[in-house]
Every structure is written in structure tokens, then in C-alpha cells.
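Peer 1: Attaching a single structure in C-alpha cells format; questions to follow.
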Amino acid sequence: MEYSAQTIEKKWQEYWKQNKSFEPSEDFTKEKKYILSMFPFPSGRLHMGHVRNYSISDAFARYHRQQGKNVLHPIGFDSFGMPAENAAIKNGSHPKGWTYDNIDYMKKEFYALGFSFSREREMATSDELYTKFEQSFIIDMFEKGLLYRKKGLLNWCPHDQTVLANEQVVEGCCWRCDTPIVKKDMNQYYFKITQYGDELLNDLKKLEGGWPKQVLTMQENWIGKSNGLAFDLFFDEESSAKLNNTFKSFDVFTTRPDTIYGVSYTALAPEHEIVTYMIENSLLPDDVISQIKKMKTTSSIDRQKEKSGVPLKIEVLHPLTGKKIPVWVANFVLMDYGSGAVMAVPAHDDRDFDFAKKYDLPIHAVIKPFDGEVSLDSAFTEVGELFNSGEFDGLNSKKSQYNIIKYFEENNIGKKTTNYKLKDWGVSRQRYWGAPIPFVHCDDCGLVMEKKENLPIALPEDVEITGEGNPLDNHPTWKHCKCPACGKDAIRETDTMDTFVESSWYFLRFCASPKNWEKEAFSQEQIKYWMGVDHYIGGIEHAILHLLYARFFTKVFRDLGYVDFDEPFDKLLTQGMVLKDGAKMSKSKGNTVDPDAIIEKFGADTARMFILFAAPPTQELEWNDSGVEGSHRFIKRFFTNSGNVLKTDKIPKIDHASLSKEEKFARKKVYEALVRANDVYNERYTFNTMIAGVMEAMNALNVQNNSDVWSEGYWILSSIMEPVIPHTCWEISSKYFSLNNLSSQTVIDEVFVEDSISLGVSINGKVRAQIEVALDETNENIISMAKQSVEKWLEDKTIIKEIVVPKKLVNLVIKG
RNA sequence: GCGGAUGUGGUGAAAUUGGUAUACACGCCAGACUUAGGAUCUGGUGCCGCAAGGUGUGGAGGUUCAAGUCCUCUCAUCCGCACCA
């Protein structure tokens, strides 16, 4: 009974393929489970993070299939994106060829790991069929006003030569290549995600319990809702005249209306329209202009290093006191938050304080601690009592916010306002390997949508990818077309879509029956049946980007009438990273472990088992070579020991009372493992403890030799372990149980009934002895037995309290 | 700075409601088999101690008959966001 992973694994992989074992049924009366892992980018080879991701989802999928559920466990590839183009530039390959070659290779790796994906539903988002429906949705969204084009200040990555969404800027750098981004004024398409800001925020409540808290918080912070007061600051006559009466006022937003009387200057973003006007009309000295220009071109990280500013030598009037307040330009004021202008209260804001100190601006305190005086050594940012604040003097600063907003509203000089950090999602990219945006620029008609019957607008294959400029724009003929509205010569849009658009609806596409793939994206009936995703598994790195966009698309699709629910993913499991030597596996660190090598040396089952056993799925996983060998050893033992099993078609009936102590114990351990397995697959997801339970049961089986107990044990254990080490379990099951045991198992209660119980006896909480008592022993007897067992501890002491915790322990409290 | 986590043997980690801390595995030690072992099997293994015993879940307090678990304070590490007005 030699265990040969290679032979067994090949055999069953072929069997599953031939028998189409993992295709979901189209019988929509059955109970369903939709198990989904975040689909991979076809980078070329699987890494251990992938193996972990799909080992988890495969365990869920196989378990629920055993339970008789109709399981959808699909796989696809998020196949558009920059790396394909970068590879093209580097190797002279074509992005398409590179991508599809990689997909073929990675599929082989997936099936060599025994993952139970639906093969019929495999797809890639760069497939023209996928592009076709995506473009159709884009047109729907444009018609609904949810997609628009405008000129704006954008995040530009000088290395990748493309625009990035705010979500793709990480610490001021490109999320892919780490190049500091710069702001650039360009035309760009936007999704109106801000229209859904409130709903995206409020619906996070619906996800509580199903999603990790951390992800919910990250999304909440990203949306960044804050309530406050917005009002206009009016220029005095002199300043207004200086601005040629072009501007009378500008708008500011504050979350601290209670500090209104402390305003001592105001600051505009360098990109603010008033600043731009003053520069363009030479209303500022040259050195001031050059300082502002410098601020504008500084990357956002450098801009954070030190506060700087210049005075514009104009003034506004305080809305309540009418006093004159100087207007500055400051580098810390962001054009894309609020209105790009702030009122500054140095006495009660750290940032305003620093700036005021640096430029020697006045500091007016208006809030003091309840029990003392305010000091001007630093900003006082806590709640306190208002003073120097006119009719609001004496109020609690926190509570006064309501009164002050009310005053502004009643006097029509400002209003309560909500602001969001969330910005509209900029989706156009100046790159080749993406879905073309289906619009046409016509001299007469302007921006025109393509007709749906002309979709897909496919990419031309004969392109030169040089890394300079946009290949679609450089292509000699592709962009020339006829206007869909008037028929005249027109120019096709050469921007392509952000790849996050594809991943925002792929989970819906998987619901579609492949036989209808040509004619529809998905049907209402299919969506209704399969959605929402019961278990969604992926990395935490998508906490904001993909998971926010997918939620947004779901809500848009609902409003377009395609789906009838609000949230796509019922339960989200964010797996931890795979580490080696304490660091994330990466090529640059040279600490990667190649899945193919592990499969070749130990087999797929060993790789899967180690990954699920070494740590709970949400935690980081430290790769450990001897740990892998340990898992391999277990599988070998599990396989070899199956020689003790008798062939049977159904689970043996066993007379429990007639068994020896060891046999009873083995049965108990087996059924304990079953109870734990059900709990793990349904509630806890801690596969490591489930596997430990199976190991304990194996150890217990090993010290007895009743073949019925062996058979029953294996009937159950190979069923529990099938989601983890499927090849080995199918081999054992087909050999002894005709594959009948790979199904839901029933827990028998009698194996848990014990003749006697072992209780710990503790004195003042410290365990001193063990006693065996009958199941129905009276407390009185238990206490007297307990006292006997710890006699020597009781000499010269008085027992002041006796506690019996049923089935656990006895605690004697003594004194003296 | 704000937010979220995590601290348990030499290592990865268990302990579902406060109730016998360290399950399971790795490693290590000893033994068996063996020409050999980086194979397999058996036994041992928190720390101090010959032992009796003491001590032990980052640290300091507290509640309780009983605390890894609850409360207060504190330290460390990791992750996310960050001049957001």
C-alpha cells in the first residue's frame, strides 16, 4: 500500500474531468451555494497566495457539494491590464498572446491542484464576448447619467503613462510601480460613484457579521463622510475691485462651526480658480506666482513635508463680525476636498496653528477648558466652553455647533453640509490592453455612444507597443470611424477602461449558463437563483478598490433593473498573506516557493493540507518546509492505515456497549472530529483545528484493532478530509466505500456518553488531583472523594467553600 | 495623529459560554529497526528544581471560589488611512 501522490492525483483529476464532476446543475429548485475566490490576473504562474486562496474556496465548495447543495465554484481571469503591455514592451510579445498563454499555463496548474472549478464557465475578461456586454452596460450607465466626461485635475503616473483613480494612489505613489504621481489636467471619463456614497456607507451595516470589521472600517474611512457648515466668505470692496469684480466670494466648509469666532485667516488651494485668475491676470508679484507654481507641481508626498504659503494681499469679511481677514494660498489645502478653500482657526486646529506660527498670523482663542484658562503654546482642540464668541459665549463648544449652524441657516449666510472624501471614479486609461470605451467623437454631434448592435468595439491586433503614447491613438486606421448618429467621419475614443470595471461584475457573469453566453450577459432568473455570493474569499488588499467598486456596480445594476438586491457578497473571508522567513514571498526577496515544485515533490494534497493546517485562513501563514513534510507524512499514514478498513457500501452498525475502552475512545474521537468539521465548514472556518481533530481521531484508531471501528472511522474521516485532500480521499473511498461516504454524515450521540468522568480537584483555584466519578454521582459524594484525593493539602486548614462545576472540576477554598 | 488588529513553549498554533493552559503539528532528546538514514516506528519534551514543590498566556493592577478569556492602565508589533478643513 505505497502512497503515490502522482498516480492517484492524475487518476482522479482525469476522472473528474471526464465525468464533469463539478458542473453546477441548472435545476433551480435545489438549494444553492455560490463559492467564489477573487479571480487571478494571468501573470504567468500561480504563487502560494493563489494556492491558499483556492484551497480555501475549494474546501467550501467540496463540503457543500457533499451536503447535497448545488454548488457554483467558477474560475476566470482578470486578464486586461498593464503587465501584459509591459511584458510586450520588454519581450516584444503581443499582449494578447502573452495573456492567453499564461491563462493556459495557469489553468493546468489549477487542475493539477485538484480544484473543483466549473470548467464550462471558465472565462477571461479580455474575451471579446465579455467586452461586448461590458460596453453595453457602459452605454446604459452613460444614458442614466452615471458616466460622464470632463476635464479635470488627475493623478498621472509618469512611469506607466496613464491616469490613475484615487483608489489606485497609495501613499502618493502609483499602486503598481510606486512612482510618485503628479497632478495633470486632462479629459477623463468618470463613474458617478459619489451619487451612491451615502448608500455605500449605510449598507455597510447590512454586511456586519458577514464581512471582517477591518474591511468595513476601511470602506467607511474611504467614503469619509463628515458633517459641518458651508458658507461664503465675501471680499471687501477693495479686494473685489482688485479682482476686477470677477469674484464676490468663495465657499468654505468646516466641521468646527463652534470655532467660527476664532477665524484669523483663510487659505485657498494653489489650484483654486481665484488663484488661477490672479496668476493669469498678473495680479500677483512674480515671486509669488513662481512660489504657487512650485506648490502645484510638487508631488503630493513632497507637498506634505512642510507647510508653506503666500499671502494674496486680498481680504474677506468675517461672516459674523464683519472684521477683515487675510486670504492666503497654502500648500496643505487640497483642491479635491470640499471647495478647495478653508477658514483657519489656529487657536483650535493643529495644522492652522503651525501655519500661523510660521507666518506670524494672529491667533484668536474662543474655546477654553471648562476648568481653566487657554494657553497659546499649542492649539486647544478639545471640547470646552465658548468665549469671545458673541451671543454664543458660555456654551459647550460641542453643543454650540448645532446653535451656530442654525444661526447661519436662519440668517441665510450658510447651511448644514455633508462632505465626502470619496470622489467620482475616473475610469479612462491611455493604454492598449483594456476594454475600449464605446464612444465616438464627432465634430457635429459631440460625444456619441456607439450603437449596441456594433458591439463589441474590439481591439485591433496589429499594434505596436512601444511604451510611448497610446497605441490605439497611434494606430493608423482603428480610430477612424463613422459617427453612429449622423454618419459623418468621426474619431473613435482611444482611451480604454480601468480593469477594475471588469472585476466589478464578473461574479454576475459566472451566474449565466454558458449555453446562453453568446446572447446575454446573464438572465434575471439565473442571477436571482445564484446571487449573492455565499462565500467570497480573497486578499485584504482589495478592501477598498475592488470591493467598493463591485458594491457600486451592484447598486447601479439594481437601479438599471438587472438585479434585485443591494449587496453582492454575503460573506467575505480575507485570507492572510503567505510568508517565508517572516516576510511576504516575493521574487525580489528571493524567498518564493514554487507551487509546481511542491506538487511534484509531495503532491497537490500535501500542498493543500499544509496550507489549511499551518494557520487559520485569516492569519498570516509562515511557510515551513518541515511542516510540509509533516502534512505529507500524515497523508501517507492515512493512506497506509486504510488497509485496516473492510470494504463496505454503507457505514457499519456498531454495538457501542460491547466495545473495549480503546474502541469506544476511537469512536468518540471520530465523531468529535465530525462535529468539529461541521462547525468549521459552516461557522468558524478554522480548518487547522478540524485537521487537528482528524489527526487525534487517527491516533485513537491506531491503538485499537476492531475492523468495524476502523471502517466506520474511515468512512467518516475520509469524508471530512475530502475537501482538503480530495485525491487521497476519493482513492480510499472508491476502494472501500464505492464513493458512497462522500456525503453528509450523521452524528451519533451514544459515542459521547461516558461511563465515568474525570474531574480536576483544585484548591484555591490550583489543580492538585484528578478523580474519576460516575456520571450520576451526587455532589455530596463527589466532594468527599475530592477531599480524600487532596488530603495532604487539607491538614490544619479549614474549608470555607466547596464548588462543584458539573463535568469539569471541584474547587475547595481553604483558609489557614 | 485617526482607525483596525495581534501578543500563549524552541517554532506554527489550540483552549466555542470565565471552569483541569499549551490540543494538533514542527523541532529537539532518547530508544527500536537498519550497511546507512534527511525513511519508518516507540517513548519523552513549558520553565526552575535531584525531588517535594514552585512558577507560567507582553507588563502592572482589579473583579471572582476560579481569569489566556471580563474591567482599568500600560508596553510592543503588524496593517490600513492620513495636511480631509
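Labeling convention for the C-alpha cells: chains A, B, ... as they appear, residues from 1 per chain, ligands from 1 in order of appearance.
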Please provide as a PyMOL selection string all residues within 7 Å of region 333-335 of chain A, with the sequence filter that same-chain residues fewer than 2 positions apart are discarded (counting only C-alpha atoms (C1' of nucleotides)).

Peer 2: chain A and resi 268-269+271-272+330-331+337+339-341

Peer 1: Generate the output file for the selected residues, C-alpha atoms, as an mmCIF file, in the first residue's frame.

Peer 2:
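What ended up in again-v9.cif:
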data_model
loop_
_atom_site.group_PDB
_atom_site.id
_atom_site.type_symbol
_atom_site.label_atom_id
_atom_site.label_comp_id
_atom_site.auth_asym_id
_atom_site.auth_seq_id
_atom_site.Cartn_x
_atom_site.Cartn_y
_atom_site.Cartn_z
ATOM 1 C CA LEU A 268 -7.021 78.648 -0.789
ATOM 2 C CA ALA A 269 -5.592 75.646 -2.623
ATOM 3 C CA GLU A 271 -5.239 75.177 -7.845
ATOM 4 C CA HIS A 272 -8.213 77.326 -6.724
ATOM 5 C CA ALA A 330 -1.434 77.290 1.321
ATOM 6 C CA ASN A 331 0.029 74.025 0.085
ATOM 7 C CA TYR A 337 -11.741 68.079 -0.906
ATOM 8 C CA SER A 339 -14.359 73.579 -2.024
ATOM 9 C CA GLY A 340 -10.576 73.875 -2.052
ATOM 10 C CA ALA A 341 -10.693 76.669 0.500
#

Peer 1: Residues of chain B no more than 12 Å from chain A, counting only C-alpha atoms (C1' of nucleotides): send them over as a ChimeraX atom specification.

Peer 2: /B:1-6,11-16,19-21,23-27,38-41,53,64-67,78-85

Peer 1: Quick one: residues within 7 Å of region 98-111 of chain A, only C-alpha atoms (C1' of nucleotides) counted, chain neighbours fewer than 5 positions away excluded, as a list in words?

Peer 2: Pro42, Ser43, Gly44, Arg45, Leu46, Ser79, Ala84 and Ser93 of chain A

Peer 1: For the selection just defined, write its residues with all heavy atoms to a file, as a PDB file, in the first residue's frame.

Peer 2:
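result.pdb, freshly written:
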ATOM      1  N   PRO A  42      -3.679  36.944 -14.934  1.00  0.00           N
ATOM      2  CA  PRO A  42      -2.836  35.884 -15.506  1.00  0.00           C
ATOM      3  C   PRO A  42      -1.378  36.305 -15.635  1.00  0.00           C
ATOM      4  O   PRO A  42      -0.881  36.575 -16.714  1.00  0.00           O
ATOM      5  CB  PRO A  42      -3.473  35.635 -16.882  1.00  0.00           C
ATOM      6  CG  PRO A  42      -4.183  36.897 -17.217  1.00  0.00           C
ATOM      7  CD  PRO A  42      -4.589  37.536 -15.924  1.00  0.00           C
ATOM      8  N   SER A  43      -0.709  36.332 -14.522  1.00  0.00           N
ATOM      9  CA  SER A  43       0.664  36.827 -14.500  1.00  0.00           C
ATOM     10  C   SER A  43       1.643  35.815 -15.070  1.00  0.00           C
ATOM     11  O   SER A  43       2.761  36.157 -15.398  1.00  0.00           O
ATOM     12  CB  SER A  43       1.044  37.137 -13.056  1.00  0.00           C
ATOM     13  OG  SER A  43       0.804  35.994 -12.268  1.00  0.00           O
ATOM     14  N   GLY A  44       1.228  34.558 -15.146  1.00  0.00           N
ATOM     15  CA  GLY A  44       2.118  33.557 -15.729  1.00  0.00           C
ATOM     16  C   GLY A  44       2.159  32.278 -14.933  1.00  0.00           C
ATOM     17  O   GLY A  44       2.028  31.193 -15.477  1.00  0.00           O
ATOM     18  N   ARG A  45       2.327  32.412 -13.630  1.00  0.00           N
ATOM     19  CA  ARG A  45       2.416  31.219 -12.788  1.00  0.00           C
ATOM     20  C   ARG A  45       1.647  31.467 -11.510  1.00  0.00           C
ATOM     21  O   ARG A  45       1.574  32.580 -11.024  1.00  0.00           O
ATOM     22  CB  ARG A  45       3.875  30.933 -12.415  1.00  0.00           C
ATOM     23  CG  ARG A  45       4.711  30.503 -13.583  1.00  0.00           C
ATOM     24  CD  ARG A  45       6.076  30.019 -13.133  1.00  0.00           C
ATOM     25  NE  ARG A  45       6.469  28.898 -13.947  1.00  0.00           N
ATOM     26  CZ  ARG A  45       6.857  27.714 -13.481  1.00  0.00           C
ATOM     27  NH1 ARG A  45       6.914  27.517 -12.182  1.00  0.00           N
ATOM     28  NH2 ARG A  45       7.191  26.742 -14.287  1.00  0.00           N
ATOM     29  N   LEU A  46       1.149  30.390 -10.935  1.00  0.00           N
ATOM     30  CA  LEU A  46       0.497  30.529  -9.642  1.00  0.00           C
ATOM     31  C   LEU A  46       1.559  30.759  -8.582  1.00  0.00           C
ATOM     32  O   LEU A  46       2.653  30.226  -8.668  1.00  0.00           O
ATOM     33  CB  LEU A  46      -0.271  29.259  -9.284  1.00  0.00           C
ATOM     34  CG  LEU A  46      -1.476  28.905 -10.137  1.00  0.00           C
ATOM     35  CD1 LEU A  46      -2.178  27.693  -9.529  1.00  0.00           C
ATOM     36  CD2 LEU A  46      -2.449  30.059 -10.240  1.00  0.00           C
ATOM     37  N   SER A  79      -8.057  39.547 -17.049  1.00  0.00           N
ATOM     38  CA  SER A  79      -6.928  39.406 -17.975  1.00  0.00           C
ATOM     39  C   SER A  79      -6.505  40.673 -18.722  1.00  0.00           C
ATOM     40  O   SER A  79      -5.539  40.640 -19.462  1.00  0.00           O
ATOM     41  CB  SER A  79      -7.231  38.294 -18.966  1.00  0.00           C
ATOM     42  OG  SER A  79      -8.486  38.502 -19.560  1.00  0.00           O
ATOM     43  N   ALA A  84       0.573  43.014 -19.030  1.00  0.00           N
ATOM     44  CA  ALA A  84       0.616  42.397 -20.360  1.00  0.00           C
ATOM     45  C   ALA A  84       1.318  43.323 -21.335  1.00  0.00           C
ATOM     46  O   ALA A  84       2.084  42.887 -22.196  1.00  0.00           O
ATOM     47  CB  ALA A  84      -0.796  42.090 -20.839  1.00  0.00           C
ATOM     48  N   SER A  93       6.582  40.694 -27.149  1.00  0.00           N
ATOM     49  CA  SER A  93       5.442  39.791 -27.327  1.00  0.00           C
ATOM     50  C   SER A  93       4.184  40.621 -27.570  1.00  0.00           C
ATOM     51  O   SER A  93       4.189  41.826 -27.387  1.00  0.00           O
ATOM     52  CB  SER A  93       5.265  38.934 -26.078  1.00  0.00           C
ATOM     53  OG  SER A  93       5.124  39.763 -24.939  1.00  0.00           O
TER      54      SER A  93
END
